[in-house]
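Asker: Please find structure_4.cif (mmCIF, C-alpha atoms and all ligand atoms) on the next line:
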```
data_upload
#
loop_
_atom_site.label_atom_id
_atom_site.label_comp_id
_atom_site.auth_asym_id
_atom_site.auth_seq_id
_atom_site.Cartn_x
_atom_site.Cartn_y
_atom_site.Cartn_z
CA MET A 1 -3.61 60.18 -45.07
CA ALA A 2 -2.91 63.68 -46.41
CA LYS A 3 -4.51 66.48 -44.41
CA THR A 4 -7.58 67.99 -46.06
CA SER A 5 -9.81 70.92 -45.17
CA ALA A 6 -12.60 69.29 -47.19
CA ILE A 7 -14.04 67.64 -44.10
CA SER A 8 -17.02 65.79 -45.42
CA GLY A 9 -20.33 66.51 -43.68
CA PHE A 10 -18.64 68.90 -41.23
CA TYR A 11 -21.81 70.95 -40.92
CA LYS A 12 -23.82 67.91 -39.84
CA LEU A 13 -21.53 66.96 -36.96
CA ALA A 14 -22.30 67.73 -33.33
CA ARG A 15 -20.42 70.82 -32.12
CA GLU A 16 -18.18 68.72 -29.86
CA THR A 17 -17.21 66.49 -32.80
CA ARG A 18 -16.52 69.53 -34.96
CA ILE A 19 -14.16 70.80 -32.26
CA ASP A 20 -12.40 67.40 -32.26
CA GLU A 21 -12.00 67.58 -36.04
CA VAL A 22 -10.60 71.11 -35.89
CA LYS A 23 -8.34 70.14 -32.99
CA SER A 24 -6.76 67.32 -34.93
CA PHE A 25 -6.59 69.30 -38.21
CA SER A 26 -4.94 72.35 -36.64
CA GLY A 27 -3.05 70.60 -33.83
CA LEU A 28 -4.86 72.56 -31.12
CA THR A 29 -3.89 71.93 -27.52
CA GLU A 30 -6.32 70.44 -25.01
CA ALA A 31 -6.59 73.89 -23.38
CA GLN A 32 -7.48 75.52 -26.72
CA ALA A 33 -10.14 72.90 -27.41
CA LYS A 34 -11.55 73.61 -23.95
CA ILE A 35 -11.79 77.33 -24.75
CA LEU A 36 -13.86 76.45 -27.83
CA LEU A 37 -16.02 74.01 -25.92
CA ALA A 38 -16.69 76.45 -23.09
CA ALA A 39 -17.86 79.08 -25.60
CA ASN A 40 -16.93 81.72 -23.05
CA PRO A 41 -14.89 84.07 -25.21
CA LEU A 42 -13.78 86.58 -22.62
CA LEU A 43 -13.73 86.76 -18.86
CA ALA A 44 -15.63 89.74 -17.51
CA ALA A 45 -12.51 90.72 -15.58
CA THR A 46 -10.48 90.87 -18.82
CA ALA A 47 -13.29 92.69 -20.62
CA GLU A 48 -13.23 95.35 -17.93
CA LYS A 49 -9.57 96.01 -18.64
CA THR A 50 -10.15 96.13 -22.39
CA SER A 51 -12.74 98.88 -22.68
CA GLU A 52 -14.64 101.37 -20.54
CA ASN A 53 -17.99 101.22 -18.71
CA VAL A 54 -18.09 97.43 -19.28
CA ILE A 55 -21.21 95.73 -17.96
CA SER A 56 -20.96 92.33 -19.68
CA VAL A 57 -19.44 90.37 -22.55
CA HIS A 58 -20.92 90.24 -26.05
CA GLY A 59 -20.81 86.94 -27.92
CA LEU A 60 -20.82 85.97 -31.60
CA PRO A 61 -20.85 82.54 -33.22
CA PHE A 62 -17.33 81.25 -33.91
CA SER A 63 -17.26 79.01 -37.00
CA VAL A 64 -14.72 77.55 -39.36
CA ALA A 65 -15.03 77.60 -43.13
CA THR A 66 -13.92 74.34 -44.71
CA ASN A 67 -12.49 73.38 -48.11
CA PHE A 68 -9.94 76.19 -48.45
CA ILE A 69 -6.63 75.61 -50.20
CA ILE A 70 -4.50 78.75 -50.00
CA ASN A 71 -1.13 78.82 -51.76
CA GLY A 72 -1.23 75.04 -51.87
CA CYS A 73 -1.95 74.72 -48.15
CA GLU A 74 -5.11 73.00 -46.88
CA SER A 75 -6.67 75.55 -44.53
CA LEU A 76 -9.57 75.90 -42.12
CA VAL A 77 -10.66 79.52 -41.83
CA PRO A 78 -11.89 80.89 -38.49
CA MET A 79 -14.89 83.19 -38.93
CA SER A 80 -17.02 85.06 -36.39
CA ILE A 81 -20.26 86.38 -37.78
CA GLU A 82 -23.91 86.40 -36.82
CA GLU A 83 -25.30 86.44 -40.37
CA PRO A 84 -26.62 83.11 -41.65
CA SER A 85 -25.15 81.63 -44.87
CA VAL A 86 -21.85 83.50 -44.88
CA VAL A 87 -19.70 80.61 -43.62
CA ALA A 88 -21.56 78.06 -45.75
CA ALA A 89 -21.17 80.26 -48.83
CA ALA A 90 -17.42 80.73 -48.33
CA SER A 91 -16.95 76.99 -47.77
CA ASN A 92 -18.92 76.23 -50.92
CA ALA A 93 -16.97 78.70 -53.07
CA ALA A 94 -13.73 77.19 -51.76
CA LYS A 95 -14.99 73.69 -52.56
CA LEU A 96 -15.82 74.64 -56.14
CA CYS A 97 -12.23 75.74 -56.91
CA ARG A 98 -10.38 72.92 -55.14
CA ASP A 99 -9.73 71.05 -58.38
CA THR A 100 -7.90 74.06 -59.85
CA GLY A 101 -5.73 74.34 -56.73
CA GLY A 102 -7.81 76.77 -54.67
CA PHE A 103 -6.56 80.30 -54.05
CA SER A 104 -3.21 81.85 -54.93
CA ALA A 105 -2.58 84.85 -52.74
CA ASN A 106 0.19 87.28 -51.90
CA ALA A 107 0.65 90.24 -49.60
CA ASP A 108 2.95 93.26 -49.71
CA PRO A 109 5.43 93.86 -46.87
CA PRO A 110 3.57 95.23 -43.82
CA VAL A 111 4.31 98.91 -44.44
CA MET A 112 1.84 101.41 -43.01
CA ILE A 113 1.54 105.13 -43.71
CA GLY A 114 1.52 107.61 -40.83
CA GLN A 115 0.55 111.24 -41.36
CA ILE A 116 1.50 114.48 -39.65
CA GLN A 117 -0.66 117.49 -40.50
CA ILE A 118 1.05 120.87 -40.72
CA ILE A 119 -1.07 124.02 -40.54
CA GLY A 120 -0.42 127.74 -40.22
CA ILE A 121 1.69 127.92 -43.39
CA LYS A 122 1.39 130.25 -46.36
CA ASP A 123 2.96 128.20 -49.13
CA ALA A 124 2.25 124.47 -48.64
CA LYS A 125 4.10 123.47 -51.82
CA ALA A 126 7.26 125.19 -50.62
CA VAL A 127 6.93 123.56 -47.18
CA ALA A 128 6.44 120.11 -48.73
CA LYS A 129 9.52 120.69 -50.91
CA LYS A 130 11.57 121.73 -47.90
CA LEU A 131 10.48 118.68 -45.93
CA ASN A 132 11.23 116.37 -48.86
CA GLY A 133 14.69 117.94 -49.10
CA ALA A 134 15.27 117.20 -45.41
CA LYS A 135 14.15 113.55 -45.72
CA ASP A 136 17.43 112.03 -44.46
CA GLU A 137 17.59 114.38 -41.48
CA ILE A 138 13.94 113.64 -40.59
CA LEU A 139 14.40 109.87 -40.84
CA LYS A 140 17.59 110.02 -38.74
CA PHE A 141 15.83 112.10 -36.07
CA SER A 142 12.86 109.69 -36.04
CA GLU A 143 14.89 106.47 -35.90
CA PRO A 144 15.05 106.19 -32.08
CA PHE A 145 11.23 106.28 -31.88
CA ALA A 146 11.16 103.21 -34.13
CA ALA A 147 13.58 101.22 -31.96
CA ASN A 148 10.92 98.80 -30.63
CA ILE A 149 9.71 97.67 -34.05
CA ALA A 150 13.28 97.76 -35.45
CA ALA A 151 14.14 95.05 -32.91
CA TYR A 152 11.66 92.81 -34.78
CA GLY A 153 13.08 93.69 -38.20
CA GLY A 154 10.64 96.52 -38.95
CA GLY A 155 11.11 100.28 -38.79
CA LEU A 156 11.18 103.38 -40.94
CA ARG A 157 11.07 102.68 -44.66
CA GLY A 158 10.41 106.02 -46.24
CA PHE A 159 9.28 109.61 -45.94
CA SER A 160 7.58 112.11 -48.23
CA ALA A 161 5.63 115.31 -47.88
CA LYS A 162 2.78 116.75 -49.91
CA ALA A 163 0.77 119.96 -50.15
CA LEU A 164 -3.00 120.12 -49.69
CA ASP A 165 -5.46 122.83 -50.61
CA THR A 166 -8.23 122.49 -48.01
CA LYS A 167 -11.43 124.24 -46.91
CA ARG A 168 -9.33 125.86 -44.17
CA GLY A 169 -6.52 126.97 -46.44
CA GLU A 170 -3.17 125.50 -47.35
CA MET A 171 -1.75 122.62 -45.34
CA ALA A 172 1.20 120.30 -45.73
CA VAL A 173 1.29 116.63 -44.76
CA ALA A 174 4.38 114.69 -43.77
CA GLU A 175 4.03 110.97 -44.41
CA PHE A 176 6.16 108.25 -42.87
CA HIS A 177 6.30 104.71 -44.26
CA ILE A 178 6.77 102.27 -41.42
CA ASP A 179 7.23 98.50 -41.54
CA VAL A 180 5.20 97.23 -38.59
CA ARG A 181 5.99 93.52 -39.08
CA ASP A 182 3.28 91.23 -37.65
CA SER A 183 1.33 93.97 -35.87
CA MET A 184 -1.53 96.07 -37.21
CA GLY A 185 0.70 99.05 -36.59
CA ALA A 186 -1.45 101.78 -35.09
CA ASN A 187 0.48 102.04 -31.81
CA THR A 188 3.87 101.76 -33.48
CA VAL A 189 3.05 104.34 -36.13
CA ASN A 190 1.39 106.82 -33.79
CA THR A 191 4.30 106.62 -31.33
CA ILE A 192 6.82 107.34 -34.10
CA LEU A 193 4.71 110.23 -35.42
CA GLU A 194 4.43 111.85 -32.00
CA GLY A 195 8.20 111.49 -31.57
CA ALA A 196 8.97 112.91 -35.01
CA ALA A 197 6.51 115.81 -34.78
CA PRO A 198 8.84 118.42 -33.20
CA LYS A 199 11.35 117.94 -36.04
CA ILE A 200 8.59 118.36 -38.61
CA ALA A 201 7.44 121.55 -36.86
CA GLU A 202 11.01 122.89 -36.77
CA ILE A 203 11.74 122.26 -40.45
CA SER A 204 8.33 123.29 -41.76
CA GLY A 205 8.00 126.39 -39.61
CA GLY A 206 4.31 125.50 -39.26
CA LYS A 207 2.14 124.14 -36.49
CA VAL A 208 2.00 120.38 -36.24
CA CYS A 209 -1.53 119.16 -35.61
CA LEU A 210 -2.84 115.60 -36.25
CA ARG A 211 -0.33 112.74 -35.93
CA ILE A 212 -2.09 109.55 -36.90
CA ILE A 213 -1.89 106.35 -38.94
CA SER A 214 -3.75 106.17 -42.27
CA ASN A 215 -6.12 103.24 -42.66
CA LEU A 216 -5.76 103.49 -46.42
CA ALA A 217 -2.85 101.06 -46.34
CA VAL A 218 -1.94 101.15 -50.05
CA LEU A 219 1.57 99.91 -49.35
CA ARG A 220 0.14 96.86 -47.59
CA LEU A 221 -2.14 95.31 -50.22
CA ALA A 222 -3.21 91.68 -50.31
CA ARG A 223 -4.31 89.88 -53.46
CA ALA A 224 -5.93 86.55 -54.19
CA THR A 225 -7.00 84.81 -57.36
CA ALA A 226 -8.83 81.57 -58.16
CA ILE A 227 -10.23 79.75 -61.17
CA TRP A 228 -13.66 78.12 -61.19
CA LYS A 229 -14.14 75.61 -63.98
CA ALA A 230 -17.13 76.14 -66.25
CA GLU A 231 -17.77 72.40 -66.27
CA ILE A 232 -18.17 72.49 -62.47
CA ILE A 233 -20.12 75.69 -61.91
CA GLY A 234 -21.87 75.71 -65.30
CA ALA A 235 -21.44 78.05 -68.27
CA ASP A 236 -24.55 79.97 -67.16
CA ALA A 237 -23.02 80.71 -63.78
CA VAL A 238 -19.85 82.01 -65.49
CA GLU A 239 -21.94 84.42 -67.60
CA GLY A 240 -24.16 85.33 -64.65
CA ILE A 241 -21.20 86.17 -62.42
CA LEU A 242 -19.60 88.29 -65.17
CA ASP A 243 -22.86 90.17 -65.65
CA ALA A 244 -23.29 90.65 -61.89
CA TRP A 245 -19.75 92.00 -61.60
CA ALA A 246 -20.29 94.34 -64.56
CA PHE A 247 -23.45 95.61 -62.81
CA ALA A 248 -21.40 96.46 -59.72
CA GLU A 249 -18.72 98.17 -61.80
CA ALA A 250 -21.35 100.32 -63.51
CA ASP A 251 -23.57 101.27 -60.58
CA ILE A 252 -22.53 102.54 -57.16
CA TYR A 253 -25.78 101.38 -55.50
CA ARG A 254 -25.10 97.80 -56.52
CA CYS A 255 -21.36 98.16 -55.89
CA ALA A 256 -21.88 99.08 -52.22
CA THR A 257 -23.78 95.80 -51.70
CA HIS A 258 -21.31 93.84 -53.81
CA ASN A 259 -18.41 95.06 -51.67
CA LYS A 260 -20.47 94.55 -48.51
CA GLY A 261 -20.72 90.87 -49.43
CA ILE A 262 -16.93 90.73 -49.77
CA MET A 263 -16.56 92.32 -46.35
CA ASN A 264 -18.93 89.72 -44.83
CA GLY A 265 -16.10 87.20 -45.16
CA ILE A 266 -13.23 89.58 -44.54
CA ASP A 267 -14.70 91.06 -41.36
CA ALA A 268 -15.65 87.61 -40.05
CA VAL A 269 -12.02 86.45 -40.15
CA ALA A 270 -10.81 89.79 -38.79
CA VAL A 271 -13.27 89.55 -35.87
CA ALA A 272 -12.45 85.90 -35.12
CA THR A 273 -8.73 86.66 -35.01
CA GLY A 274 -9.17 89.75 -32.81
CA ASN A 275 -8.25 92.21 -35.54
CA ASP A 276 -9.43 95.78 -35.96
CA TRP A 277 -12.10 95.10 -38.57
CA ARG A 278 -13.11 98.79 -38.69
CA ALA A 279 -9.61 99.62 -39.93
CA VAL A 280 -9.89 96.90 -42.58
CA GLU A 281 -13.36 98.18 -43.59
CA ALA A 282 -12.14 101.78 -43.83
CA GLY A 283 -9.15 100.77 -45.94
CA ALA A 284 -11.23 98.55 -48.22
CA HIS A 285 -13.87 101.15 -49.07
CA ALA A 286 -11.35 103.97 -49.50
CA TYR A 287 -9.34 101.71 -51.80
CA ALA A 288 -12.50 100.87 -53.76
CA ALA A 289 -12.82 104.60 -54.45
CA ILE A 290 -9.14 105.38 -54.98
CA SER A 291 -9.60 106.05 -58.70
CA GLY A 292 -12.15 108.74 -57.81
CA ARG A 293 -14.97 106.37 -58.67
CA TYR A 294 -16.23 103.78 -56.15
CA SER A 295 -15.74 100.36 -57.74
CA SER A 296 -15.58 96.64 -57.11
CA LEU A 297 -12.79 95.18 -54.99
CA THR A 298 -12.94 92.08 -57.20
CA ARG A 299 -12.51 91.51 -60.93
CA TYR A 300 -13.63 88.57 -63.07
CA ARG A 301 -12.79 87.39 -66.56
CA LYS A 302 -13.65 84.44 -68.73
CA LEU A 303 -10.58 82.45 -69.73
CA PRO A 304 -10.23 81.26 -73.34
CA ASN A 305 -11.38 77.77 -72.25
CA GLY A 306 -14.56 79.20 -70.73
CA ASP A 307 -13.48 78.95 -67.07
CA LEU A 308 -13.96 81.88 -64.72
CA GLN A 309 -11.04 83.65 -63.08
CA GLY A 310 -11.67 85.90 -60.10
CA GLU A 311 -9.26 88.32 -58.43
CA ILE A 312 -9.33 90.57 -55.42
CA GLU A 313 -6.95 93.29 -54.24
CA LEU A 314 -7.33 95.47 -51.18
CA PRO A 315 -5.38 96.92 -48.23
CA MET A 316 -5.04 94.39 -45.44
CA ALA A 317 -3.66 95.81 -42.21
CA VAL A 318 -4.08 92.78 -39.98
CA ALA A 319 -2.00 91.41 -37.14
CA ILE A 320 -1.11 88.18 -35.45
CA VAL A 321 0.40 89.97 -32.44
CA GLY A 322 -0.71 92.82 -30.22
CA GLY A 323 -4.09 94.16 -29.16
CA ALA A 324 -7.03 91.81 -29.01
CA THR A 325 -5.17 89.11 -31.00
CA ARG A 326 -3.44 88.43 -27.67
CA SER A 327 -5.96 89.51 -25.06
CA LEU A 328 -8.91 87.54 -26.49
CA PRO A 329 -8.36 83.83 -25.74
CA SER A 330 -10.60 82.82 -28.65
CA ALA A 331 -8.57 85.00 -31.05
CA GLN A 332 -5.44 83.05 -30.15
CA VAL A 333 -7.29 79.81 -30.85
CA ALA A 334 -8.57 81.27 -34.13
CA LEU A 335 -5.01 82.08 -35.19
CA SER A 336 -3.93 78.54 -34.31
CA ILE A 337 -6.82 77.14 -36.38
CA SER A 338 -5.84 79.33 -39.33
CA GLY A 339 -2.30 77.96 -39.24
CA VAL A 340 -0.88 81.31 -40.36
CA LYS A 341 2.62 82.18 -39.21
CA SER A 342 2.73 85.86 -40.13
CA ALA A 343 0.48 88.86 -40.65
CA GLY A 344 1.16 88.49 -44.37
CA GLU A 345 -0.15 84.91 -44.37
CA LEU A 346 -3.24 86.05 -42.50
CA ALA A 347 -3.72 88.83 -45.09
CA CYS A 348 -3.53 86.18 -47.85
CA MET A 349 -6.15 84.06 -46.08
CA ILE A 350 -8.47 87.03 -45.60
CA ALA A 351 -8.16 88.15 -49.23
CA SER A 352 -8.98 84.59 -50.35
CA VAL A 353 -12.08 84.55 -48.15
CA GLY A 354 -13.18 87.91 -49.55
CA LEU A 355 -12.95 86.56 -53.09
CA ALA A 356 -14.71 83.32 -52.13
CA GLN A 357 -17.52 85.28 -50.47
CA ASN A 358 -18.02 87.49 -53.50
CA PHE A 359 -17.96 84.55 -55.92
CA ALA A 360 -20.56 82.73 -53.79
CA ALA A 361 -22.85 85.77 -53.56
CA LEU A 362 -22.68 86.53 -57.30
CA LYS A 363 -23.23 82.89 -58.20
CA ALA A 364 -26.27 82.59 -55.93
CA LEU A 365 -27.72 85.96 -56.91
CA SER A 366 -27.32 85.33 -60.63
CA THR A 367 -28.82 81.83 -60.48
CA GLU A 368 -31.29 80.68 -57.82
CA GLY A 369 -31.20 83.83 -55.66
CA ILE A 370 -30.01 83.89 -52.06
CA GLN A 371 -33.28 83.64 -50.17
CA ARG A 372 -33.76 79.85 -50.12
CA GLY A 373 -30.46 79.03 -48.38
CA HIS A 374 -30.69 82.18 -46.34
CA MET A 375 -34.21 81.49 -45.09
CA GLU A 376 -33.36 77.97 -43.93
CA LEU A 377 -30.71 79.36 -41.61
CA HIS A 378 -32.82 82.38 -40.77
CA ALA A 379 -35.57 79.94 -39.69
CA LYS A 380 -33.20 78.48 -37.10
CA ASN A 381 -32.55 81.94 -35.65
CA ILE A 382 -36.28 82.60 -35.50
CA ALA A 383 -36.82 79.23 -33.78
CA ILE A 384 -34.18 80.16 -31.18
CA ALA A 385 -35.79 83.57 -30.71
CA ALA A 386 -39.10 81.81 -30.04
CA GLY A 387 -37.49 79.78 -27.28
CA ALA A 388 -36.60 76.52 -29.07
CA GLU A 389 -33.68 74.63 -27.55
CA GLY A 390 -31.46 71.75 -28.67
CA ALA A 391 -33.17 69.40 -31.12
CA GLU A 392 -36.28 71.62 -31.07
CA ILE A 393 -34.41 74.26 -33.11
CA ASP A 394 -33.99 72.08 -36.22
CA ALA A 395 -37.49 70.61 -35.87
CA VAL A 396 -39.18 74.02 -35.63
CA ALA A 397 -37.01 75.50 -38.41
CA THR A 398 -37.62 72.58 -40.78
CA GLN A 399 -41.37 72.77 -40.27
CA MET A 400 -41.45 76.54 -40.84
CA ALA A 401 -39.29 76.19 -43.97
CA SER A 402 -41.51 73.44 -45.39
CA GLU A 403 -44.61 75.53 -44.65
CA LYS A 404 -42.84 78.60 -46.15
CA SER A 405 -44.04 80.47 -43.10
CA ILE A 406 -41.11 81.79 -41.11
CA SER A 407 -42.06 84.03 -38.21
CA THR A 408 -41.59 84.16 -34.46
CA LYS A 409 -45.36 83.71 -34.07
CA ARG A 410 -45.40 80.51 -36.14
CA ALA A 411 -42.25 79.26 -34.41
CA GLY A 412 -43.96 79.77 -31.05
CA GLU A 413 -47.03 77.85 -32.20
CA ILE A 414 -45.01 74.90 -33.53
CA LEU A 415 -42.92 74.84 -30.39
CA ALA A 416 -45.94 74.92 -28.09
CA ALA A 417 -47.61 72.09 -30.05
CA ALA A 418 -44.45 69.96 -29.97
CA ARG A 419 -43.96 70.47 -26.24
CA LYS A 420 -47.62 69.68 -25.55
CA LYS A 421 -47.29 66.46 -27.55
CA LYS A 422 -44.30 65.44 -25.45
C1 LIG A 501 -25.60 89.98 -47.87
O1 LIG A 501 -25.06 90.12 -46.58
C2 LIG A 501 -24.52 90.09 -48.93
C3 LIG A 501 -25.02 90.12 -50.36
O2 LIG A 501 -26.02 91.12 -50.48
C4 LIG A 501 -23.83 90.45 -51.22
C5 LIG A 501 -24.17 90.78 -52.65
O3 LIG A 501 -25.29 91.22 -52.92
O4 LIG A 501 -23.25 90.63 -53.48
C6 LIG A 501 -25.65 88.81 -50.77
#
```
Could you show the structure in this file as structure tokens?
Ligand code: MEV
Answerer:
Amino acid sequence: MAKTSAISGFYKLARETRIDEVKSFSGLTEAQAKILLAANPLLAATAEKTSENVISVHGLPFSVATNFIINGCESLVPMSIEEPSVVAAASNAAKLCRDTGGFSANADPPVMIGQIQIIGIKDAKAVAKKLNGAKDEILKFSEPFAANIAAYGGGLRGFSAKALDTKRGEMAVAEFHIDVRDSMGANTVNTILEGAAPKIAEISGGKVCLRIISNLAVLRLARATAIWKAEIIGADAVEGILDAWAFAEADIYRCATHNKGIMNGIDAVAVATGNDWRAVEAGAHAYAAISGRYSSLTRYRKLPNGDLQGEIELPMAVAIVGGATRSLPSAQVALSISGVKSAGELACMIASVGLAQNFAALKALSTEGIQRGHMELHAKNIAIAAGAEGAEIDAVATQMASEKSISTKRAGEILAAARKKK
């Protein structure tokens, strides 16, 4: 039978059975399945080596979104997020575009921008011109600092300098374009910048100050698109989503929330795979404002046949090697579940999830609203907070939802009554 990510009733299965399903779908090893089963994401000893002043390990739910087809490939998407409904919403959006082939996505080569700030100069334009004129010399000088990444097929790809008029006077900025292959790139880029800095100081005659990667990775964009048929989602939903998107495009207060919904999905995959989600967030929001006006990361249009086409484009500096992608055992399992073989493929998956998440939010908001689905899951969290365990969680949550009274107090009362009855 052909492999499918549309695993029917996945959400109803026991956690152990879900792990079995994911194991056979993604070809996980026994050891990887055990990591999932143990739900012990990080040993305290490893945590202590990862950050400072460590006193414990913080946990998040680790889920998979089902139903995704990305570039023709059936995919399960690893997601780590505490917010109810996000994984269900992504899975549902993916389900609703399966019959049109799911998501088509692509990613630029993994080229990051690194910046060197030059201060103490009188004529920034002249300095930028001089640096641009010395491009070949600068790249040649900097080459040895890129040797590590060059061994993997990456390395220096370009150089340019620009002038800035700042609150502290004129400055020049030297920018290196660096192909970081399957890494996020911060270490590679920053190492090259620190190596290249003396040459920049020498040629510019200024004082070199900051040497740091830019998280606005405009050379490393990912894009995804999908078509939702009007006959499946309903003509009203098509109109509602278009209106909701137009609202976001016209109003920054709505747009912040609209893009936040996109990042719900994007961050969840970034977190699950051990990626620097703050870098992805920073890049996404800066890109949303790159025209000078903060706007939606997605676009929608109605096709001549009435179907809805959605698109997303944003910087996607994510890795499948280095940093926490390697040191977090669960991140390695997440990458195995995703089936991606390169940072570019992961970027495509993440962009697809971002679009799915936005479609789901706009569809729900413009039709029945999000509270019903949200509250059912929220009720489970409240039941857990009130001390419910195992089967008690669903029982308490269902009763609260049917009573339309969801609070820790009510959960406690229902729980106490049920336990007394037992
Ligand atoms: C909630 O986390 C995300 C939404 O607010 C997104 C949106 O409004 O588009 C539902």
Asker: Find the residue from A:Lys229, A:Lys420, A:Arg278, A:Arg254 that sits nearest to Asp307 in chain A; use all atoms listed in the file when measuring.
Answerer: A:Lys229
Asker: What lies within 7 Å of Gly114 in chain A using only C-alpha atoms, ignoring chain neighbours under 3 positions off, as an mmCIF file with C-alpha atoms, keeping the file's coordinate frame?
Answerer:
```cif
data_model
loop_
_atom_site.group_PDB
_atom_site.id
_atom_site.type_symbol
_atom_site.label_atom_id
_atom_site.label_comp_id
_atom_site.auth_asym_id
_atom_site.auth_seq_id
_atom_site.Cartn_x
_atom_site.Cartn_y
_atom_site.Cartn_z
ATOM 1 C CA GLU A 175 4.030 110.970 -44.410
ATOM 2 C CA PHE A 176 6.160 108.250 -42.870
ATOM 3 C CA HIS A 177 6.300 104.710 -44.260
ATOM 4 C CA VAL A 189 3.050 104.340 -36.130
ATOM 5 C CA LEU A 193 4.710 110.230 -35.420
ATOM 6 C CA ILE A 212 -2.090 109.550 -36.900
ATOM 7 C CA ILE A 213 -1.890 106.350 -38.940
ATOM 8 C CA SER A 214 -3.750 106.170 -42.270
#
```
Asker: With 6 Å on each side, where is the centre of the axis-aligned box around all listed atoms of ligand LIG 501 (chain A), and how long are its edges in Å to one decimal, as AutoDock Vina command-line options?
Answerer:
```
--center_x -24.6 --center_y 90.0 --center_z -50.0 --size_x 14.8 --size_y 14.4 --size_z 18.9
```
Asker: Would you name the residues within 9 Å of ligand LIG 501 (chain A), counting only C-alpha atoms and all ligand atoms, and put them as a ChimeraX atom specification?
Answerer: /A:83-86,244-245,248,254-264,357-362,364-365,369-370
Asker: Rank nothing, just name the residue among A:Val22, A:Leu13, A:Leu328, A:Val280 nearest to Lys49 in chain A, using all atoms listed in the file.
Answerer: A:Leu328
Asker: Would you mind listing what lies within 6 Å of range 69-80 of chain A as a ChimeraX atom specification, with only C-alpha atoms counted and same-chain residues fewer than 2 positions away left out?
Answerer: /A:4-5,61-66,102-104,268-269,271-272,334,338
Asker: Given only C-alpha atoms as the basis, pick out the residue of A:Thr298, A:Ser160, A:Thr325, A:Gln115 nearest to Asn215 in chain A.
Answerer: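 Nearest candidate to Asn215 in chain A out of A:Thr298, A:Ser160, A:Thr325, A:Gln115: A:Gln115.
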Asker: State, in Å with one decimal place, the distance from CA of Ser142 in chain A to CA of Ala197 in chain A.
Answerer: 8.9 Å
Asker: Using only C-alpha atoms, can you tell me which of A:Gly206, A:Trp228, A:Lys409, A:Leu36 comes closest to Arg98 in chain A?
Answerer: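 Checking each candidate against Arg98 in chain A, we get A:Trp228 as the closest.
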Asker: Choose the residue, out of A:Lys23, A:His378, A:Lys12, A:Arg293, that has the smallest atom-to-atom separation from Ala401 in chain A; count all atoms listed in the file.
Answerer: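 Looking only at the distances to Ala401 in chain A, the closest residue turns out to be A:His378.
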Asker: How many Å separate CA of Glu194 in chain A from CA of Ile113 in chain A?
Answerer: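 Spanning CA of Glu194 in chain A to CA of Ile113 in chain A is a straight-line distance of 13.8 Å.
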Asker: When you draw a straight line from CA of Pro315 in chain A to CA of Ala284 in chain A, how long is it in Å?
Answerer: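 If I compute the distance from CA of Pro315 in chain A to CA of Ala284 in chain A, I get 6.1 Å.
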Asker: Which residues come within 10 Å of Gly274 in chain A, counting all atoms listed in the file, excluding same-chain residues fewer than 5 positions away, as a PyMOL selection string?
Answerer: chain A and resi 80+268-269+318-332+334-335
Asker: Return the single residue from A:Gly412, A:Arg15, A:Tyr287, A:Ser26 that is closest to Lys3 in chain A, with distances computed using all atoms listed in the file.
Answerer: A:Ser26
Asker: Which residues, written as a ChimeraX atom specification, have at least one atom at most 10 Å from Ala317 in chain A, with all atoms listed in the file counted and residues fewer than 2 positions away on the same chain left out?
Answerer: /A:110-112,180,182-186,215-222,270,275-277,279-280,283,314-315,319,343-344,346-347
Asker: The residues within 7 Å of (-3.8, 125.8, -38.9), using only C-alpha atoms and the coordinates of the file, should be reported as a list in words; which are they?
Answerer: Ile119, Gly120 and Lys207 of chain A
Asker: Give me the residues within 9 Å of Asp251 in chain A as a PDB file with C-alpha atoms, keeping the file's coordinate frame, counting only C-alpha atoms and dropping any in the same chain fewer than 5 places off.
Answerer:
```
ATOM      1  CA  ALA A 246     -20.290  94.340 -64.560  1.00  0.00           C
ATOM      2  CA  ALA A 256     -21.880  99.080 -52.220  1.00  0.00           C
ATOM      3  CA  TYR A 294     -16.230 103.780 -56.150  1.00  0.00           C
ATOM      4  CA  SER A 295     -15.740 100.360 -57.740  1.00  0.00           C
TER       5      SER A 295
END
```
